[in-house]
Amino acid sequence: MPHPANFDNIAGKRYGSLVALSYDAPKWLFACDCGSQKLIFAANVKRGLTRSCGCLNRKVCSQNAKVTHGRTLTPEYKV
């Protein structure tokens with residue numbers, strides 16, 4: 001399939017944890033630092049909407065799950 005007129009070759013460029021590998025219309029194949037590969041729209045990666053394959057979100061959520069609000073020992077909480 002031919003590339004569109006406004007095609008931007010981003011192969012080899014890094015965006016956050018992602019590195020562009022190849023174009024598979026209409027998406028790009030990206031390799032993540034965690035080792036997985038995923039097809040993603042390049043516009044989302046360039047705009048910063050997608051920074052990883054999803055591993056970053058899972059990592060942040062698992063870290064936040066261990067943190068509470070820190071107010072369990074206050075008199076207000078006990079009421």
# chains A, B, ... in the order shown; residues from 1 in each chain; ligands from 1
>>> residues_around(residues="stretch 4-15 of chain A", least_positions_apart="4", cutoff="8 Å", atoms="only C-alpha atoms", output="JSON, numbers by chain")
{"A": [19, 20, 21, 22, 23, 45, 46, 48, 51]}
>>> select_by_dssp(residues="chain A", states="strand (DSSP E or B)", output="number ranges by chain")
A: 14-15, 18-24, 27-32, 37-40
>>> residues_around(residues="A:Cys55", least_positions_apart="3", cutoff="9 Å", atoms="only C-alpha atoms", output="list in words")
Cys32, Cys34, Ser52, Arg58, Lys59 and Val60 of chain A
>>> residues_around(residues="A:Leu39", least_positions_apart="3", cutoff="10 Å", atoms="only C-alpha atoms", output="ChimeraX atom specification")
/A:20-31,42,53
>>> write_last_selection(atoms="all heavy atoms", output="JSON list (two decimals), in the first residue's frame")
[["chain", "number", "residue", "atom", "x", "y", "z"],
["A", 20, "ALA", "N", 9.41, 3.62, 17.38],
["A", 20, "ALA", "CA", 8.71, 3.27, 16.15],
["A", 20, "ALA", "C", 9.53, 2.27, 15.34],
["A", 20, "ALA", "O", 10.72, 2.47, 15.12],
["A", 20, "ALA", "CB", 8.44, 4.52, 15.32],
["A", 21, "LEU", "N", 8.89, 1.19, 14.92],
["A", 21, "LEU", "CA", 9.58, 0.16, 14.16],
["A", 21, "LEU", "C", 9.22, 0.20, 12.68],
["A", 21, "LEU", "O", 10.10, 0.35, 11.83],
["A", 21, "LEU", "CB", 9.25, -1.23, 14.72],
["A", 21, "LEU", "CG", 9.69, -1.50, 16.15],
["A", 21, "LEU", "CD1", 9.26, -2.89, 16.57],
["A", 21, "LEU", "CD2", 11.19, -1.34, 16.27],
["A", 22, "SER", "N", 7.93, 0.05, 12.37],
["A", 22, "SER", "CA", 7.54, -0.01, 10.97],
["A", 22, "SER", "C", 6.10, 0.48, 10.81],
["A", 22, "SER", "O", 5.32, 0.47, 11.75],
["A", 22, "SER", "CB", 7.66, -1.43, 10.43],
["A", 22, "SER", "OG", 6.78, -2.29, 11.13],
["A", 23, "TYR", "N", 5.79, 0.87, 9.58],
["A", 23, "TYR", "CA", 4.47, 1.38, 9.24],
["A", 23, "TYR", "C", 3.59, 0.24, 8.77],
["A", 23, "TYR", "O", 3.97, -0.53, 7.88],
["A", 23, "TYR", "CB", 4.58, 2.46, 8.16],
["A", 23, "TYR", "CG", 3.28, 3.10, 7.78],
["A", 23, "TYR", "CD1", 2.61, 3.91, 8.68],
["A", 23, "TYR", "CD2", 2.72, 2.91, 6.53],
["A", 23, "TYR", "CE1", 1.41, 4.53, 8.34],
["A", 23, "TYR", "CE2", 1.53, 3.52, 6.18],
["A", 23, "TYR", "CZ", 0.88, 4.33, 7.09],
["A", 23, "TYR", "OH", -0.30, 4.92, 6.75],
["A", 24, "ASP", "N", 2.42, 0.09, 9.38],
["A", 24, "ASP", "CA", 1.44, -0.91, 8.99],
["A", 24, "ASP", "C", 0.10, -0.19, 8.91],
["A", 24, "ASP", "O", -0.62, -0.12, 9.89],
["A", 24, "ASP", "CB", 1.41, -2.05, 10.02],
["A", 24, "ASP", "CG", 0.55, -3.22, 9.57],
["A", 24, "ASP", "OD1", 0.16, -3.26, 8.40],
["A", 24, "ASP", "OD2", 0.27, -4.08, 10.42],
["A", 25, "ALA", "N", -0.18, 0.37, 7.74],
["A", 25, "ALA", "CA", -1.30, 1.29, 7.53],
["A", 25, "ALA", "C", -2.55, 0.85, 8.26],
["A", 25, "ALA", "O", -2.91, -0.31, 8.21],
["A", 25, "ALA", "CB", -1.59, 1.44, 6.06],
["A", 26, "PRO", "N", -3.23, 1.71, 8.95],
["A", 26, "PRO", "CA", -2.94, 3.12, 9.19],
["A", 26, "PRO", "C", -2.16, 3.37, 10.49],
["A", 26, "PRO", "O", -2.09, 4.49, 10.96],
["A", 26, "PRO", "CB", -4.32, 3.74, 9.30],
["A", 26, "PRO", "CG", -5.12, 2.67, 9.98],
["A", 26, "PRO", "CD", -4.56, 1.36, 9.45],
["A", 27, "LYS", "N", -1.61, 2.32, 11.08],
["A", 27, "LYS", "CA", -0.91, 2.47, 12.36],
["A", 27, "LYS", "C", 0.58, 2.16, 12.19],
["A", 27, "LYS", "O", 1.01, 1.67, 11.17],
["A", 27, "LYS", "CB", -1.50, 1.51, 13.40],
["A", 27, "LYS", "CG", -2.96, 1.78, 13.71],
["A", 27, "LYS", "CD", -3.47, 0.81, 14.74],
["A", 27, "LYS", "CE", -4.92, 1.10, 15.08],
["A", 27, "LYS", "NZ", -5.41, 0.20, 16.12],
["A", 28, "TRP", "N", 1.32, 2.45, 13.23],
["A", 28, "TRP", "CA", 2.74, 2.13, 13.31],
["A", 28, "TRP", "C", 2.94, 1.02, 14.32],
["A", 28, "TRP", "O", 2.24, 0.96, 15.34],
["A", 28, "TRP", "CB", 3.55, 3.35, 13.74],
["A", 28, "TRP", "CG", 3.90, 4.27, 12.61],
["A", 28, "TRP", "CD1", 3.11, 5.25, 12.09],
["A", 28, "TRP", "CD2", 5.11, 4.29, 11.88],
["A", 28, "TRP", "NE1", 3.77, 5.89, 11.08],
["A", 28, "TRP", "CE2", 5.00, 5.32, 10.93],
["A", 28, "TRP", "CE3", 6.29, 3.57, 11.95],
["A", 28, "TRP", "CZ2", 6.02, 5.62, 10.05],
["A", 28, "TRP", "CZ3", 7.30, 3.87, 11.07],
["A", 28, "TRP", "CH2", 7.16, 4.89, 10.13],
["A", 29, "LEU", "N", 3.92, 0.18, 14.06],
["A", 29, "LEU", "CA", 4.31, -0.84, 15.03],
["A", 29, "LEU", "C", 5.37, -0.23, 15.93],
["A", 29, "LEU", "O", 6.40, 0.24, 15.45],
["A", 29, "LEU", "CB", 4.85, -2.08, 14.33],
["A", 29, "LEU", "CG", 5.32, -3.21, 15.25],
["A", 29, "LEU", "CD1", 4.12, -3.78, 16.03],
["A", 29, "LEU", "CD2", 6.00, -4.30, 14.45],
["A", 30, "PHE", "N", 5.09, -0.23, 17.24],
["A", 30, "PHE", "CA", 6.01, 0.34, 18.22],
["A", 30, "PHE", "C", 6.52, -0.77, 19.13],
["A", 30, "PHE", "O", 5.78, -1.68, 19.49],
["A", 30, "PHE", "CB", 5.32, 1.41, 19.07],
["A", 30, "PHE", "CG", 5.09, 2.70, 18.36],
["A", 30, "PHE", "CD1", 3.92, 2.92, 17.65],
["A", 30, "PHE", "CD2", 6.04, 3.71, 18.41],
["A", 30, "PHE", "CE1", 3.70, 4.13, 17.00],
["A", 30, "PHE", "CE2", 5.83, 4.92, 17.77],
["A", 30, "PHE", "CZ", 4.67, 5.12, 17.06],
["A", 31, "ALA", "N", 7.78, -0.66, 19.54],
["A", 31, "ALA", "CA", 8.36, -1.54, 20.54],
["A", 31, "ALA", "C", 8.44, -0.76, 21.84],
["A", 31, "ALA", "O", 8.92, 0.37, 21.87],
["A", 31, "ALA", "CB", 9.74, -2.01, 20.12],
["A", 42, "ALA", "N", 0.24, 6.87, 15.11],
["A", 42, "ALA", "CA", 1.39, 7.73, 15.35],
["A", 42, "ALA", "C", 0.97, 9.09, 15.90],
["A", 42, "ALA", "O", 1.69, 9.67, 16.73],
["A", 42, "ALA", "CB", 2.18, 7.92, 14.07],
["A", 53, "CYS", "N", 3.02, 0.81, 25.99],
["A", 53, "CYS", "CA", 2.09, -0.20, 25.50],
["A", 53, "CYS", "C", 0.94, -0.42, 26.48],
["A", 53, "CYS", "O", -0.01, -1.11, 26.19],
["A", 53, "CYS", "CB", 2.82, -1.52, 25.26],
["A", 53, "CYS", "SG", 3.42, -2.28, 26.78]]
>>> atom_distance(atom1="atom CA of A:Arg47", atom2="atom CA of A:Leu18")
13.0 Å
